[in-house]
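Report on the following structure.
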Amino acid sequence: MGIFEELQQRGLIAQVTDEPEIRKLINEGNAKFYIGFDPTADSLHVGHFMALSLMKRLQMAGNRPIVLIGGGTAMVGDPSGRTDMRSMMSEETIAHNCACFKKQMERFIDFGENGAIMVNNADWLMKLNYIELLRDVGACFSVNNMLRAECYKQRLERGLSFLEFNYMIMQSYDFLHLHKHYGCNMQFGGDDQWSNMLFGADLIRRKLGEDSYAMTIPLLMNSEGKKMGKTASGAVWLDPEKTTPFEFYQYWRNVDDADVMKCLRMLTFLPIEEIDEMEKWEDSRINEKKEVLAFSLTALVHGDAEAEKARDTSRSLFSGGGDDANMPTTTLDPAAVPEDGITLPDLMAACGLVASKSEARRLIQQGGVSVDDEKVTDPATLITKDKLANGVKIRKGKKVFHKATLV
């Protein structure tokens, strides 16, 4: 079985142009492909995870990845999948985020000799002359066709800025530039990028008379139709300073039952045959499947040692044990804690366990919060400084653990 067929079996192919040519290219290891990452934060998150895994799979099969960091396109912002305009970032912030991305990507992609290439589209987009771009590229784009693209439809009702309208042209120009200067013959991306990718491949054919190809991967959704990688307190990051290995492990350990097999196929590097066998397991073994998923992905991102710590801590906590050494911890400044103690809703908000104190009060009243293994139902409960000095273990619902302590 070739890598193309494996991607199909794992559910990693949503749409392709010219399937026979793409199949041949990547099965023979002749694809020089790129995936773009806009540096809108200083860390990659779970939303990038499938693209990184795809790059790793294709590189292992002999294909060569080009990692495109969107230092230039980030100055504009991608309107795909958004109902509002992205906030503008400074060049300094974008440069910092780009550096953070590369460090994280090195855990997945080999950038050694003859390995993956990393480029930043700021290097060419920031140098473009506007009139020359209009004459050279603008004539290849039909505004009517652009407005029919899915990535613009939902923004038209609320208002689409001319700044964002240019994003498709910039992304298409990226593909043209990479094809001319790096021999890039294929672009991969999320299914929401399909329109942008088609325009890019068409631009190459119009300008150079040469073939190029595009393939999208499906957006990873949970069983309720929402994008994975989101929690009540925000995104699930790959940076351990933002999302600890234990929190990362727990996120995957707690995915909906209906999503476990899909995640095992799409995200892990377990052999297809092993996953097929797991699918035959009795429903009573669902937690075993979740452990395999959580351990595999945590090891991939943070290494085996951190994955083992996270698994051991999780098992201990859910069995009523006291091993909280690797539990996510918030350390408070004693000066920020009132002398008579801090209310539990304030403490939960300080720990990032809730989006608001009103949410915390509601959870407490509903019996969904425990402190040091004792259920608390009074939102006015005070946590004293003495308790915090020794460390307080908070449990939200059945699956979220957090420790709070003082400096």
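Chain identifiers are assigned as A, B, and so on, following the order in which chains appear in the structure tokens; residues are numbered from 1 within each chain, and ligands are numbered from 1 in order of appearance.
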task: Just the residues within 9 Å of Gln9 (chain A), please, counting only C-alpha atoms, with nothing from its chain fewer than 4 positions along; format it as number ranges by chain.
output: A: 4-5, 13, 265, 272
Let's have the selection written as a PDB file, in the first residue's frame, with N, CA and C atoms.
```pdb
ATOM      1  N   PHE A   4      -0.368   7.315  -0.515  1.00  0.00           N
ATOM      2  CA  PHE A   4      -1.652   7.908  -0.904  1.00  0.00           C
ATOM      3  C   PHE A   4      -2.804   7.051  -0.415  1.00  0.00           C
ATOM      4  N   GLU A   5      -2.669   5.736  -0.601  1.00  0.00           N
ATOM      5  CA  GLU A   5      -3.725   4.826  -0.163  1.00  0.00           C
ATOM      6  C   GLU A   5      -3.847   4.824   1.363  1.00  0.00           C
ATOM      7  N   ILE A  13      -7.772  12.576   3.323  1.00  0.00           N
ATOM      8  CA  ILE A  13      -7.909  13.251   2.038  1.00  0.00           C
ATOM      9  C   ILE A  13      -9.343  13.723   1.878  1.00  0.00           C
ATOM     10  N   ARG A 265      -7.023   7.184  13.824  1.00  0.00           N
ATOM     11  CA  ARG A 265      -6.666   7.008  12.422  1.00  0.00           C
ATOM     12  C   ARG A 265      -5.965   8.241  11.850  1.00  0.00           C
ATOM     13  N   ILE A 272      -2.119   0.931  10.586  1.00  0.00           N
ATOM     14  CA  ILE A 272      -3.542   0.801  10.259  1.00  0.00           C
ATOM     15  C   ILE A 272      -4.094  -0.524  10.775  1.00  0.00           C
TER      16      ILE A 272
END
```
**Asked** region 211-319 of chain A: which residues are strand (DSSP E or B) by DSSP, as JSON, numbers by chain?
**Response** {"A": [213, 214, 215, 216, 217, 221, 227, 230, 231, 234, 235, 237]}
* Would you mind listing what lies within 8 Å of region 290-301 of chain A as a count of residues only, with only C-alpha atoms counted and same-chain residues fewer than 3 positions away left out? => 26
Neighbouring residues of Lys32 (chain A) were defined as those with any atom within 8 Å, considering only C-alpha atoms; residues of the same chain fewer than 4 positions away were excluded. Please report them as a JSON list (two decimals) with N, CA and C atoms, in the first residue's frame.
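Ended up saving to selection-v3.json:
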```
[["chain", "number", "residue", "atom", "x", "y", "z"],
["A", 63, "ASN", "N", 8.92, 12.16, 0.27],
["A", 63, "ASN", "CA", 8.56, 13.44, -0.31],
["A", 63, "ASN", "C", 9.22, 14.58, 0.48],
["A", 64, "ARG", "N", 9.34, 15.74, -0.14],
["A", 64, "ARG", "CA", 10.06, 16.84, 0.50],
["A", 64, "ARG", "C", 9.11, 17.98, 0.87],
["A", 65, "PRO", "N", 9.00, 18.30, 2.17],
["A", 65, "PRO", "CA", 8.11, 19.38, 2.58],
["A", 65, "PRO", "C", 8.76, 20.75, 2.48],
["A", 66, "ILE", "N", 7.94, 21.73, 2.17],
["A", 66, "ILE", "CA", 8.32, 23.13, 2.30],
["A", 66, "ILE", "C", 7.37, 23.74, 3.32],
["A", 183, "GLY", "N", 10.83, 24.71, -7.02],
["A", 183, "GLY", "CA", 10.33, 23.51, -7.67],
["A", 183, "GLY", "C", 9.14, 22.89, -6.98],
["A", 184, "CYS", "N", 8.40, 23.68, -6.21],
["A", 184, "CYS", "CA", 7.24, 23.16, -5.48],
["A", 184, "CYS", "C", 6.14, 22.78, -6.47],
["A", 185, "ASN", "N", 5.67, 21.54, -6.39],
["A", 185, "ASN", "CA", 4.66, 21.09, -7.36],
["A", 185, "ASN", "C", 3.30, 20.77, -6.73],
["A", 186, "MET", "N", 3.18, 20.95, -5.42],
["A", 186, "MET", "CA", 1.93, 20.58, -4.77],
["A", 186, "MET", "C", 1.71, 21.42, -3.52]]
```
Among A:Lys262, A:Lys180, A:His48, A:Arg315, Ser223 (chain A) is approached most closely, using only C-alpha atoms, by A:Lys262
Between A:Cys151, A:Met1, A:Cys140, A:Val354, single out the one closest to Trp194 (chain A), counting only C-alpha atoms.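 Ranking A:Cys151, A:Met1, A:Cys140, A:Val354 by distance to Trp194 (chain A), first place goes to A:Cys151.
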Handout entry: For Glu374 (chain A): contacts at 12 Å, only C-alpha atoms, fewer than 2 positions along chain excluded, given as a PyMOL selection string
Key = chain A and resi 320+364+367-372+376-377+392-396
**Message:** Can you pull out the residues contacting region 131-139 of chain A? Cut-off 9 Å, using only C-alpha atoms, and skip same-chain residues under 5 positions away; I want them as number ranges by chain.
**Reply:** A: 169, 173, 203, 207
Write out the residues from the selection above, keeping N, CA and C atoms, as a PDB file, in the first residue's frame.
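Contents of out_35.pdb, as written:
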```pdb
ATOM      1  N   ILE A 169      -5.147  36.336  -3.414  1.00  0.00           N
ATOM      2  CA  ILE A 169      -4.129  36.658  -4.416  1.00  0.00           C
ATOM      3  C   ILE A 169      -2.733  36.417  -3.836  1.00  0.00           C
ATOM      4  N   TYR A 173      -0.025  33.762  -5.102  1.00  0.00           N
ATOM      5  CA  TYR A 173       1.309  34.221  -5.498  1.00  0.00           C
ATOM      6  C   TYR A 173       2.387  33.410  -4.776  1.00  0.00           C
ATOM      7  N   LEU A 203      -3.152  29.791 -11.266  1.00  0.00           N
ATOM      8  CA  LEU A 203      -2.233  30.881 -11.579  1.00  0.00           C
ATOM      9  C   LEU A 203      -0.946  30.341 -12.198  1.00  0.00           C
ATOM     10  N   LYS A 207       0.309  31.403 -15.889  1.00  0.00           N
ATOM     11  CA  LYS A 207       1.535  32.180 -16.050  1.00  0.00           C
ATOM     12  C   LYS A 207       2.667  31.370 -16.679  1.00  0.00           C
TER      13      LYS A 207
END
```
Query raised in the report: Which parts of region 195-334 of chain A does DSSP call alpha helix (DSSP H) when run on the backbone here, written out as an MDAnalysis selection string?
Result: chainID A and resid 195:208 245:253 260:267 272:279 286:302 304:318
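The spacing separating CA of Gln187 (chain A) from CA of Ala14 (chain A) amounts to 13.4 Å.
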Legend entry - Pairwise distance for CA of Thr73 (chain A) and CA of Glu106 (chain A), rounded to one decimal in Å: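 Here the two named atoms are 22.3 Å from each other.
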Check your understanding: Got a sec: who's within 10 Å of Gly190 (chain A), counting only C-alpha atoms, leaving out chain neighbours fewer than 4 positions off, as an MDAnalysis selection string?
Key -> chainID A and resid 13:15 35:36 47:48 50:51 194 197 215:220
Gap from CA of Asn27 (chain A) to CA of Glu113 (chain A) - Å, one decimal:
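Separation of CA of Asn27 (chain A) and CA of Glu113 (chain A): 21.9 Å.
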